[in-house]
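**Q** As input, take input_24.pdb (PDB, C-alpha atoms):
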ATOM      1  CA  MET A   1     -24.579  46.759 180.708
ATOM      2  CA  ARG A   2     -22.760  49.809 179.464
ATOM      3  CA  ALA A   3     -25.179  51.879 177.381
ATOM      4  CA  LEU A   4     -24.745  52.246 173.644
ATOM      5  CA  ARG A   5     -23.288  55.739 173.455
ATOM      6  CA  VAL A   6     -22.260  56.248 169.861
ATOM      7  CA  PRO A   7     -24.719  58.048 167.599
ATOM      8  CA  PRO A   8     -26.534  55.766 165.145
ATOM      9  CA  GLN A   9     -25.496  55.980 161.512
ATOM     10  CA  PRO A  10     -27.451  54.970 158.411
ATOM     11  CA  LEU A  11     -26.568  51.887 156.423
ATOM     12  CA  VAL A  12     -26.004  53.313 152.952
ATOM     13  CA  VAL A  13     -26.527  50.712 150.227
ATOM     14  CA  ARG A  14     -24.172  50.595 147.264
ATOM     15  CA  ARG A  15     -25.514  47.473 145.605
ATOM     16  CA  ARG A  16     -27.755  44.477 146.177
ATOM     17  CA  VAL A  17     -26.150  41.431 144.590
ATOM     18  CA  PRO A  18     -28.603  38.613 143.743
ATOM     19  CA  VAL A  19     -27.232  35.230 144.831
ATOM     20  CA  GLY A  20     -30.176  32.925 145.656
ATOM     21  CA  ASP A  21     -32.353  32.095 148.634
ATOM     22  CA  GLY A  22     -31.052  32.859 152.109
ATOM     23  CA  PRO A  23     -27.335  33.801 152.046
ATOM     24  CA  GLU A  24     -27.218  33.417 155.831
ATOM     25  CA  HIS A  25     -23.523  34.086 156.468
ATOM     26  CA  VAL A  26     -20.801  36.115 154.755
ATOM     27  CA  ALA A  27     -17.078  35.701 155.399
ATOM     28  CA  PRO A  28     -14.178  37.533 153.728
ATOM     29  CA  ASP A  29     -12.474  35.235 151.221
ATOM     30  CA  GLY A  30      -8.995  36.810 151.467
ATOM     31  CA  ARG A  31      -9.233  37.943 147.838
ATOM     32  CA  GLY A  32     -11.270  41.110 148.286
ATOM     33  CA  GLY A  33     -14.637  39.363 148.123
ATOM     34  CA  VAL A  34     -16.784  37.178 150.354
ATOM     35  CA  VAL A  35     -18.046  33.622 150.479
ATOM     36  CA  THR A  36     -21.617  32.692 151.334
ATOM     37  CA  GLY A  37     -23.893  29.668 151.323
ATOM     38  CA  ILE A  38     -27.505  29.534 150.142
ATOM     39  CA  GLU A  39     -30.482  27.348 150.944
ATOM     40  CA  ASP A  40     -29.957  24.741 148.226
ATOM     41  CA  GLY A  41     -26.455  23.903 149.502
ATOM     42  CA  ARG A  42     -24.366  25.883 147.025
ATOM     43  CA  ILE A  43     -21.320  27.747 148.286
ATOM     44  CA  LEU A  44     -20.594  30.939 146.358
ATOM     45  CA  ARG A  45     -17.784  33.441 146.007
ATOM     46  CA  VAL A  46     -19.157  36.955 145.519
ATOM     47  CA  GLY A  47     -17.346  40.093 144.422
ATOM     48  CA  VAL A  48     -18.139  43.174 146.474
ATOM     49  CA  THR A  49     -16.904  45.685 143.908
ATOM     50  CA  PRO A  50     -17.857  46.042 140.226
ATOM     51  CA  PRO A  51     -18.664  43.829 138.359
ATOM     52  CA  TYR A  52     -19.946  42.034 141.495
ATOM     53  CA  ALA A  53     -19.250  38.605 140.024
ATOM     54  CA  VAL A  54     -20.923  35.545 141.552
ATOM     55  CA  GLY A  55     -19.473  32.060 141.119
ATOM     56  CA  GLN A  56     -20.074  28.653 142.654
ATOM     57  CA  ILE A  57     -17.096  27.121 144.452
ATOM     58  CA  GLY A  58     -18.704  24.055 145.985
ATOM     59  CA  ARG A  59     -21.793  22.412 147.413
ATOM     60  CA  VAL A  60     -22.762  20.757 150.691
ATOM     61  CA  PRO A  61     -25.536  18.224 151.277
ATOM     62  CA  GLY A  62     -27.635  20.287 153.676
ATOM     63  CA  ARG A  63     -28.236  23.915 154.647
ATOM     64  CA  PRO A  64     -24.978  25.932 154.935
ATOM     65  CA  LEU A  65     -24.724  28.462 157.754
ATOM     66  CA  GLY A  66     -21.398  29.737 159.148
ATOM     67  CA  LEU A  67     -18.257  29.711 156.977
ATOM     68  CA  ALA A  68     -14.537  30.206 157.531
ATOM     69  CA  VAL A  69     -11.712  30.285 154.980
ATOM     70  CA  LEU A  70      -8.701  28.110 155.834
ATOM     71  CA  PRO A  71      -5.051  29.066 155.228
ATOM     72  CA  ASP A  72      -4.735  26.438 152.469
ATOM     73  CA  GLY A  73      -7.701  27.891 150.572
ATOM     74  CA  GLY A  74     -10.146  25.282 151.789
ATOM     75  CA  LEU A  75     -13.385  26.249 153.449
ATOM     76  CA  LEU A  76     -15.088  25.231 156.661
ATOM     77  CA  VAL A  77     -18.864  24.997 156.394
ATOM     78  CA  CYS A  78     -21.321  24.674 159.248
ATOM     79  CA  ASP A  79     -24.117  22.592 157.732
ATOM     80  CA  ALA A  80     -27.317  22.743 159.776
ATOM     81  CA  GLU A  81     -28.138  19.177 158.748
ATOM     82  CA  ALA A  82     -24.799  17.436 158.072
ATOM     83  CA  GLY A  83     -22.508  18.905 160.753
ATOM     84  CA  LEU A  84     -19.123  20.596 160.506
ATOM     85  CA  LEU A  85     -17.668  20.109 157.026
ATOM     86  CA  ARG A  86     -14.531  20.985 155.092
ATOM     87  CA  LEU A  87     -14.533  21.817 151.390
ATOM     88  CA  PRO A  88     -11.151  21.318 149.669
ATOM     89  CA  PRO A  89      -9.609  24.240 147.760
ATOM     90  CA  ASP A  90     -10.674  22.691 144.433
ATOM     91  CA  GLY A  91     -14.322  22.673 145.516
ATOM     92  CA  GLY A  92     -14.541  18.880 145.549
ATOM     93  CA  ARG A  93     -16.550  16.618 147.797
ATOM     94  CA  ALA A  94     -17.127  17.900 151.333
ATOM     95  CA  GLU A  95     -15.337  16.059 154.148
ATOM     96  CA  VAL A  96     -17.228  15.550 157.414
ATOM     97  CA  LEU A  97     -15.149  16.772 160.366
ATOM     98  CA  ALA A  98     -17.843  16.326 163.017
ATOM     99  CA  ASP A  99     -21.400  15.088 162.785
ATOM    100  CA  ARG A 100     -21.741  13.645 166.285
ATOM    101  CA  VAL A 101     -20.817  14.919 169.737
ATOM    102  CA  ALA A 102     -20.616  12.550 172.697
ATOM    103  CA  GLY A 103     -22.303   9.893 170.596
ATOM    104  CA  ARG A 104     -25.308  12.035 169.618
ATOM    105  CA  PRO A 105     -26.020  13.707 166.253
ATOM    106  CA  LEU A 106     -24.756  17.261 165.896
ATOM    107  CA  ARG A 107     -27.806  19.417 165.223
ATOM    108  CA  VAL A 108     -27.822  22.926 163.765
ATOM    109  CA  CYS A 109     -24.077  23.407 163.484
ATOM    110  CA  SER A 110     -24.037  27.190 163.293
ATOM    111  CA  ASN A 111     -20.663  28.979 163.290
ATOM    112  CA  VAL A 112     -16.950  28.198 163.401
ATOM    113  CA  ALA A 113     -13.670  29.966 164.228
ATOM    114  CA  VAL A 114     -10.153  28.747 163.421
ATOM    115  CA  ALA A 115      -7.195  29.082 165.796
ATOM    116  CA  THR A 116      -3.486  28.920 165.015
ATOM    117  CA  GLY A 117      -2.486  25.281 164.806
ATOM    118  CA  GLY A 118      -5.804  24.192 163.341
ATOM    119  CA  THR A 119      -7.972  23.985 166.449
ATOM    120  CA  LEU A 120     -11.608  24.690 165.579
ATOM    121  CA  TYR A 121     -14.229  26.262 167.828
ATOM    122  CA  PHE A 122     -17.824  25.883 166.721
ATOM    123  CA  THR A 123     -21.382  26.288 167.953
ATOM    124  CA  SER A 124     -24.567  24.282 167.793
ATOM    125  CA  SER A 125     -27.709  26.390 168.154
ATOM    126  CA  SER A 126     -30.027  23.641 169.384
ATOM    127  CA  SER A 127     -29.683  19.982 170.339
ATOM    128  CA  ARG A 128     -33.464  19.529 170.164
ATOM    129  CA  ASN A 129     -34.927  21.337 167.174
ATOM    130  CA  PRO A 130     -33.940  21.577 163.494
ATOM    131  CA  LEU A 131     -33.128  24.986 162.022
ATOM    132  CA  SER A 132     -36.637  25.266 160.545
ATOM    133  CA  HIS A 133     -38.016  25.362 164.119
ATOM    134  CA  TRP A 134     -35.885  28.270 165.323
ATOM    135  CA  ARG A 135     -39.003  30.216 166.356
ATOM    136  CA  ALA A 136     -40.111  27.417 168.658
ATOM    137  CA  ASP A 137     -36.607  27.026 170.059
ATOM    138  CA  LEU A 138     -36.284  30.699 170.936
ATOM    139  CA  THR A 139     -39.805  30.996 172.355
ATOM    140  CA  GLY A 140     -39.587  27.781 174.357
ATOM    141  CA  ARG A 141     -36.110  28.564 175.707
ATOM    142  CA  THR A 142     -34.858  25.033 175.170
ATOM    143  CA  ALA A 143     -31.349  26.282 176.105
ATOM    144  CA  THR A 144     -29.672  23.338 174.380
ATOM    145  CA  GLY A 145     -27.069  25.322 172.451
ATOM    146  CA  ARG A 146     -23.398  24.445 172.853
ATOM    147  CA  LEU A 147     -19.891  25.776 172.256
ATOM    148  CA  MET A 148     -17.423  23.068 171.193
ATOM    149  CA  ARG A 149     -13.770  22.528 170.338
ATOM    150  CA  LEU A 150     -12.212  20.176 167.801
ATOM    151  CA  GLU A 151      -8.463  19.601 167.995
ATOM    152  CA  PRO A 152      -6.675  18.296 164.872
ATOM    153  CA  GLY A 153      -7.160  14.532 164.788
ATOM    154  CA  GLY A 154      -9.362  14.604 167.889
ATOM    155  CA  GLU A 155     -13.026  14.296 168.790
ATOM    156  CA  PRO A 156     -15.374  17.214 169.489
ATOM    157  CA  GLU A 157     -15.558  18.294 173.128
ATOM    158  CA  VAL A 158     -18.148  20.545 174.732
ATOM    159  CA  LEU A 159     -16.768  23.729 176.310
ATOM    160  CA  ALA A 160     -20.096  25.284 177.325
ATOM    161  CA  ASP A 161     -23.683  24.104 177.123
ATOM    162  CA  GLY A 162     -27.125  25.251 178.216
ATOM    163  CA  LEU A 163     -26.909  28.216 175.821
ATOM    164  CA  GLU A 164     -30.055  29.832 174.440
ATOM    165  CA  PHE A 165     -29.528  29.331 170.716
ATOM    166  CA  ALA A 166     -25.751  29.646 170.471
ATOM    167  CA  ASN A 167     -24.770  31.339 167.240
ATOM    168  CA  GLY A 168     -21.806  33.402 166.013
ATOM    169  CA  VAL A 169     -18.313  32.783 167.391
ATOM    170  CA  VAL A 170     -15.033  34.662 166.874
ATOM    171  CA  LEU A 171     -11.562  34.253 168.363
ATOM    172  CA  SER A 172      -9.849  37.239 169.978
ATOM    173  CA  GLU A 173      -6.754  38.551 168.222
ATOM    174  CA  ASP A 174      -4.495  37.390 171.055
ATOM    175  CA  GLY A 175      -6.148  33.970 171.228
ATOM    176  CA  THR A 176      -7.071  34.322 174.900
ATOM    177  CA  HIS A 177     -10.840  34.029 174.538
ATOM    178  CA  LEU A 178     -13.830  33.536 172.289
ATOM    179  CA  VAL A 179     -16.818  35.827 171.864
ATOM    180  CA  VAL A 180     -20.044  33.882 171.337
ATOM    181  CA  ALA A 181     -23.513  35.156 170.411
ATOM    182  CA  GLU A 182     -26.371  33.762 172.501
ATOM    183  CA  THR A 183     -29.314  34.760 170.332
ATOM    184  CA  GLY A 184     -32.212  33.956 172.641
ATOM    185  CA  ALA A 185     -30.702  35.722 175.643
ATOM    186  CA  ARG A 186     -29.768  38.796 173.550
ATOM    187  CA  ARG A 187     -26.196  38.769 174.761
ATOM    188  CA  LEU A 188     -22.578  38.108 173.858
ATOM    189  CA  LEU A 189     -20.512  35.746 175.981
ATOM    190  CA  CYS A 190     -16.780  35.568 176.622
ATOM    191  CA  HIS A 191     -15.323  32.072 176.964
ATOM    192  CA  TRP A 192     -11.759  32.137 178.316
ATOM    193  CA  LEU A 193      -9.223  29.831 176.689
ATOM    194  CA  THR A 194      -6.073  30.843 178.588
ATOM    195  CA  GLY A 195      -5.056  32.472 181.860
ATOM    196  CA  PRO A 196      -6.417  32.010 185.385
ATOM    197  CA  ARG A 197     -10.033  31.906 184.169
ATOM    198  CA  ALA A 198      -9.482  29.370 181.385
ATOM    199  CA  GLY A 199     -12.611  27.310 180.839
ATOM    200  CA  GLU A 200     -14.960  29.912 182.334
ATOM    201  CA  THR A 201     -17.790  31.585 180.440
ATOM    202  CA  GLU A 202     -19.068  35.044 181.392
ATOM    203  CA  ARG A 203     -21.266  37.781 179.988
ATOM    204  CA  TRP A 204     -19.428  40.168 177.674
ATOM    205  CA  ARG A 205     -22.339  42.365 176.522
ATOM    206  CA  ASP A 206     -25.964  41.792 177.505
ATOM    207  CA  ARG A 207     -29.408  43.316 176.966
ATOM    208  CA  LEU A 208     -28.633  43.993 173.332
ATOM    209  CA  PRO A 209     -31.291  45.939 171.372
ATOM    210  CA  GLY A 210     -32.023  42.875 169.236
ATOM    211  CA  TYR A 211     -31.168  39.218 168.692
ATOM    212  CA  PRO A 212     -27.475  38.704 167.819
ATOM    213  CA  ASP A 213     -26.739  36.239 165.060
ATOM    214  CA  ASN A 214     -23.415  35.849 163.232
ATOM    215  CA  LEU A 215     -20.187  37.530 164.336
ATOM    216  CA  THR A 216     -17.143  38.534 162.324
ATOM    217  CA  THR A 217     -13.908  40.370 163.110
ATOM    218  CA  SER A 218     -13.018  43.584 161.290
ATOM    219  CA  PRO A 219      -9.539  44.303 159.898
ATOM    220  CA  SER A 220      -8.974  46.543 162.945
ATOM    221  CA  GLY A 221      -9.992  43.821 165.410
ATOM    222  CA  ASP A 222     -13.500  45.031 166.249
ATOM    223  CA  VAL A 223     -16.309  42.486 166.546
ATOM    224  CA  TRP A 224     -19.183  42.987 164.116
ATOM    225  CA  VAL A 225     -22.591  41.757 165.264
ATOM    226  CA  ALA A 226     -25.651  41.344 163.053
ATOM    227  CA  LEU A 227     -28.968  41.736 164.869
ATOM    228  CA  ALA A 228     -31.453  39.428 163.146
ATOM    229  CA  ALA A 229     -34.414  41.421 164.490
ATOM    230  CA  PRO A 230     -35.162  44.150 167.021
ATOM    231  CA  VAL A 231     -36.477  43.192 170.443
ATOM    232  CA  ASN A 232     -39.926  41.598 170.126
ATOM    233  CA  PRO A 233     -42.092  42.333 173.207
ATOM    234  CA  LEU A 234     -44.393  39.373 172.511
ATOM    235  CA  LEU A 235     -41.450  36.979 172.278
ATOM    236  CA  GLU A 236     -39.906  38.404 175.432
ATOM    237  CA  SER A 237     -43.182  37.958 177.305
ATOM    238  CA  ALA A 238     -43.517  34.361 176.124
ATOM    239  CA  ARG A 239     -39.954  33.600 177.193
ATOM    240  CA  ARG A 240     -40.804  34.730 180.743
ATOM    241  CA  LEU A 241     -43.687  32.244 181.070
ATOM    242  CA  PRO A 242     -43.335  29.194 183.326
ATOM    243  CA  ARG A 243     -41.768  26.225 181.581
ATOM    244  CA  HIS A 244     -45.042  24.299 181.218
ATOM    245  CA  ALA A 245     -46.662  27.279 179.456
ATOM    246  CA  ARG A 246     -43.735  28.003 177.143
ATOM    247  CA  GLY A 247     -44.356  24.778 175.231
ATOM    248  CA  ALA A 248     -47.746  25.979 174.016
ATOM    249  CA  ALA A 249     -46.324  29.411 173.195
ATOM    250  CA  ALA A 250     -43.486  27.810 171.228
ATOM    251  CA  ALA A 251     -45.913  25.676 169.213
ATOM    252  CA  ALA A 252     -48.019  28.752 168.444
ATOM    253  CA  ALA A 253     -44.990  30.772 167.349
ATOM    254  CA  GLN A 254     -43.923  28.003 164.984
ATOM    255  CA  ARG A 255     -47.423  27.607 163.558
ATOM    256  CA  VAL A 256     -48.367  31.279 163.142
ATOM    257  CA  ARG A 257     -44.983  32.623 161.958
ATOM    258  CA  PRO A 258     -45.678  36.362 162.135
ATOM    259  CA  PRO A 259     -43.978  38.488 159.478
ATOM    260  CA  LEU A 260     -40.465  39.651 160.222
ATOM    261  CA  PRO A 261     -39.832  43.394 160.511
ATOM    262  CA  ARG A 262     -37.955  45.039 157.665
ATOM    263  CA  VAL A 263     -35.193  46.357 159.893
ATOM    264  CA  ALA A 264     -31.435  46.012 159.442
ATOM    265  CA  ARG A 265     -29.142  46.841 162.353
ATOM    266  CA  VAL A 266     -25.502  45.962 162.862
ATOM    267  CA  LEU A 267     -23.170  46.830 165.729
ATOM    268  CA  ALA A 268     -19.404  46.865 166.124
ATOM    269  CA  PHE A 269     -17.655  46.438 169.470
ATOM    270  CA  ALA A 270     -14.029  47.086 170.350
ATOM    271  CA  PRO A 271     -12.077  44.074 171.668
ATOM    272  CA  THR A 272     -12.607  45.474 175.173
ATOM    273  CA  GLY A 273     -16.394  45.644 174.728
ATOM    274  CA  GLU A 274     -16.984  49.349 173.997
ATOM    275  CA  ILE A 275     -19.448  50.142 171.227
ATOM    276  CA  ARG A 276     -17.799  51.458 168.059
ATOM    277  CA  HIS A 277     -20.598  51.628 165.506
ATOM    278  CA  ASP A 278     -24.385  51.365 165.426
ATOM    279  CA  LEU A 279     -25.735  51.259 161.860
ATOM    280  CA  ARG A 280     -29.394  51.009 160.876
ATOM    281  CA  ARG A 281     -31.715  50.834 157.895
ATOM    282  CA  THR A 282     -35.379  50.008 157.292
ATOM    283  CA  GLY A 283     -37.339  49.076 154.192
ATOM    284  CA  ILE A 284     -37.047  46.713 151.264
ATOM    285  CA  GLY A 285     -34.312  44.110 151.461
ATOM    286  CA  CYS A 286     -33.836  44.381 155.235
ATOM    287  CA  ARG A 287     -35.555  41.255 156.572
ATOM    288  CA  MET A 288     -33.609  39.202 159.099
ATOM    289  CA  ILE A 289     -30.057  40.435 158.556
ATOM    290  CA  THR A 290     -28.033  37.552 159.989
ATOM    291  CA  SER A 291     -24.449  38.518 159.136
ATOM    292  CA  VAL A 292     -22.149  41.436 158.441
ATOM    293  CA  ALA A 293     -18.543  41.416 157.268
ATOM    294  CA  GLU A 294     -16.105  44.270 156.663
ATOM    295  CA  THR A 295     -13.831  43.769 153.668
ATOM    296  CA  ALA A 296     -12.397  45.713 150.729
ATOM    297  CA  GLY A 297     -13.590  48.994 152.255
ATOM    298  CA  VAL A 298     -17.270  48.017 152.397
ATOM    299  CA  LEU A 299     -19.743  46.259 154.660
ATOM    300  CA  VAL A 300     -21.504  43.193 153.291
ATOM    301  CA  LEU A 301     -24.767  41.970 154.818
ATOM    302  CA  GLY A 302     -26.256  38.486 154.577
ATOM    303  CA  SER A 303     -29.789  37.352 155.394
ATOM    304  CA  LEU A 304     -31.605  34.110 156.129
ATOM    305  CA  MET A 305     -34.686  35.446 154.315
ATOM    306  CA  GLU A 306     -33.555  37.652 151.434
ATOM    307  CA  ARG A 307     -32.215  36.558 148.022
ATOM    308  CA  HIS A 308     -29.286  38.952 147.832
ATOM    309  CA  LEU A 309     -26.208  40.205 149.618
ATOM    310  CA  THR A 310     -26.254  43.904 150.435
ATOM    311  CA  VAL A 311     -23.051  45.870 149.859
ATOM    312  CA  CYS A 312     -22.987  49.011 152.012
ATOM    313  CA  GLU A 313     -20.752  52.004 152.542
ATOM    314  CA  PRO A 314     -18.320  51.627 155.452
ATOM    315  CA  PRO A 315     -19.176  53.404 158.691
ATOM    316  CA  LEU A 316     -17.859  56.864 159.401
ATOM    317  CA  PRO A 317     -14.773  56.832 161.649
ATOM    318  CA  VAL A 318     -15.387  57.049 165.384
ATOM    319  CA  PRO A 319     -12.432  58.140 167.565
ATOM    320  CA  ARG A 320     -11.158  55.433 169.871
ATOM    321  CA  ASP A 321     -10.972  56.101 173.597
ATOM    322  CA  ASP A 322      -7.199  56.512 173.473
ATOM    323  CA  GLU A 323      -7.263  58.972 170.579
ATOM    324  CA  ALA A 324      -7.285  62.541 171.847
ATOM    325  CA  PRO A 325      -8.042  65.442 169.464
ATOM    326  CA  ALA A 326      -4.992  67.172 168.032
ATOM    327  CA  ASP A 327      -5.712  70.416 169.920
ATOM    328  CA  GLY A 328      -5.816  68.557 173.249
ATOM    329  CA  HIS A 329      -9.497  69.443 173.925
TER     330      HIS A 329
END
Do you think you could lay out the structure here as structure tokens?
**A**
Amino acid sequence: MRALRVPPQPLVVRRRVPVGDGPEHVAPDGRGGVVTGIEDGRILRVGVTPPYAVGQIGRVPGRPLGLAVLPDGGLLVCDAEAGLLRLPPDGGRAEVLADRVAGRPLRVCSNVAVATGGTLYFTSSSSRNPLSHWRADLTGRTATGRLMRLEPGGEPEVLADGLEFANGVVLSEDGTHLVVAETGARRLLCHWLTGPRAGETERWRDRLPGYPDNLTTSPSGDVWVALAAPVNPLLESARRLPRHARGAAAAAAQRVRPPLPRVARVLAFAPTGEIRHDLRRTGIGCRMITSVAETAGVLVLGSLMERHLTVCEPPLPVPRDDEAPADGH
């Protein structure tokens, strides 16, 4: 893996906006704010500039995770319990788009990306465990995560399986490939949609300094990655155990539930994979940062564990590889 070469920058907090338990994902709403979903099923629109207004725009039956705004103003919601859903623009009853794949229930629907023409690409983190058992799934390396596609009017089809807790997914600007977060393996994958390698999945960035969760695309086309936690040596050791021993380790991890470190770290990668930004913060309000979105000139962080969204200053500019200094040096 190419080393992270940009200097780390601090995450500078402007405001913590209370919204409710566990705003796991944040997605720009196209109106200068973001949308998020909280543990009780409510879907909220949140302003990221004063007065930081918070309003409910809908509700889903289970636990909302990844979100995506549709061109018609509707909203896609990955419900960890109910599957892939669509909320109409008026916030009415949620429509189920997919709750089964190949005849089996869709578990832990995690993230979704929308392509031109209405094709949807979405992930399932585990086919074995519910979201509440994510510790056991990561420790036991069940590797039952999947990347799927849903064509308009069609049935879900599996594009890649055997993933170690598949998570965030974004579509490249040119539509040639997807970038997918594989949380347990601490890496980002590239799944090709077009060209001579269409249908193939390869490593895009690996050995990340933490566990990648949700992904979003910046206005400039960079891929933002939220690291839910730094590398945990105990977890990494357990994951290297033989399969028969990992089961006991997974059960222990689920039962003991050690406290999560108060560390926030988010990375941005150029479309070609080079690191653009590495932002960090520790302390209160920094447990399990699971999403980051760039909108309206700020960064907005979501968390599976906190009760607020964190609005941060944007990162300082970093020259791109093709930008030479004006003096030619």
**Q** Considering all atoms listed in the file, state which residue in the set A:Gly273, A:Pro261, A:Pro196, A:Pro242 is at the smallest distance from Pro230 in chain A.
**A**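 Smallest distance to Pro230 in chain A is found for A:Pro261.
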**Q** Figure out the distance between CA of Phe165 in chain A and CA of Arg205 in chain A, please, to one decimal in Å.
**A**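 That distance, rounded to one decimal, is 16.0 Å.
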**Q** On this structure, which residues satisfy the PyMOL selection byres ((chain A and resi 167) around 12), written as a ChimeraX atom specification?
**A** /A:24-25,65-66,78,80,108-113,121-126,131,134,144-148,163-166,168-170,179-189,211-216,225-228,290-291
**Q** Rank A:Gly221, A:Pro71, A:Pro152, A:Pro18 by their smallest atom-to-atom distance to Thr310 in chain A, using all atoms listed in the file, and report the top residue only.
**A**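 Under the stated criterion, the closest residue is A:Pro18.
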**Q** Report as an mmCIF file with C-alpha atoms, in the coordinates of the input all protein, DNA and RNA residues lying within 8 Å of range 256-258 of chain A, evaluated on all atoms listed in the file, omitting residues in the same chain fewer than 3 positions from it.
**A**
data_model
loop_
_atom_site.group_PDB
_atom_site.id
_atom_site.type_symbol
_atom_site.label_atom_id
_atom_site.label_comp_id
_atom_site.auth_asym_id
_atom_site.auth_seq_id
_atom_site.Cartn_x
_atom_site.Cartn_y
_atom_site.Cartn_z
ATOM 1 C CA ARG A 135 -39.003 30.216 166.356
ATOM 2 C CA ALA A 252 -48.019 28.752 168.444
ATOM 3 C CA ALA A 253 -44.990 30.772 167.349
#
**Q** Taking the file as shown, find all residues satisfying the PyMOL selection byres ((chain A and resi 232) around 10) and write them as number ranges by chain.
**A** A: 209-211, 229-231, 233-237, 261
**Q** Can you work out which one of A:Val34, A:Val114, A:Leu150, A:Ala296 has the shortest atom-to-atom distance to Leu70 in chain A, counting all atoms listed in the file?
**A**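 Ranking A:Val34, A:Val114, A:Leu150, A:Ala296 by distance to Leu70 in chain A, first place goes to A:Val114.
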**Q** To one decimal in Å, tell me the separation between CA of Gly91 in chain A and CA of Asp21 in chain A.
**A**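 Interatomic distance, CA of Gly91 in chain A to CA of Asp21 in chain A: 20.6 Å.
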**Q** Using only C-alpha atoms, pick whichever of A:Pro314, A:Gly30, A:Gly20, A:Pro10 has the shortest atom-to-atom distance to Val54 in chain A.
**A**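 For Val54 in chain A, the nearest of the given residues is A:Gly20.
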**Q** For a quick check of understanding, using only C-alpha atoms, which of A:Gly55, A:Asp79, A:Val223, A:Ala248 has the smallest distance to Arg276 in chain A?
**A** A:Val223
**Q** I'd like to know which of A:Gly154, A:Pro317, A:Gly41, A:Gly285 is closest to Ser303 in chain A, using all atoms listed in the file.
**A**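 Selected residue with least distance to Ser303 in chain A: A:Gly285.
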**Q** Residues near Gly22 in chain A, anyone? I mean within 7 Å using all atoms listed in the file, not counting same-chain ones fewer than 6 positions away, as a list in words.
**A**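 Residues meeting the cut-off are Ile38, Glu39, Ser303, Leu304, Met305, Glu306 and Arg307 of chain A.
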**Q** Which residues would end up in the selection if the PyMOL selection byres ((chain A and resi 191) around 9) were applied here, given that I need the answer as a list in words?
**A**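 Evaluating the PyMOL selection byres ((chain A and resi 191) around 9) on these coordinates yields Leu159, Ala160, Thr176, His177, Leu178, Val179, Val180, Leu189, Cys190, Trp192, Leu193, Arg197, Ala198, Gly199, Glu200, Thr201, Glu202 and Arg203 of chain A.
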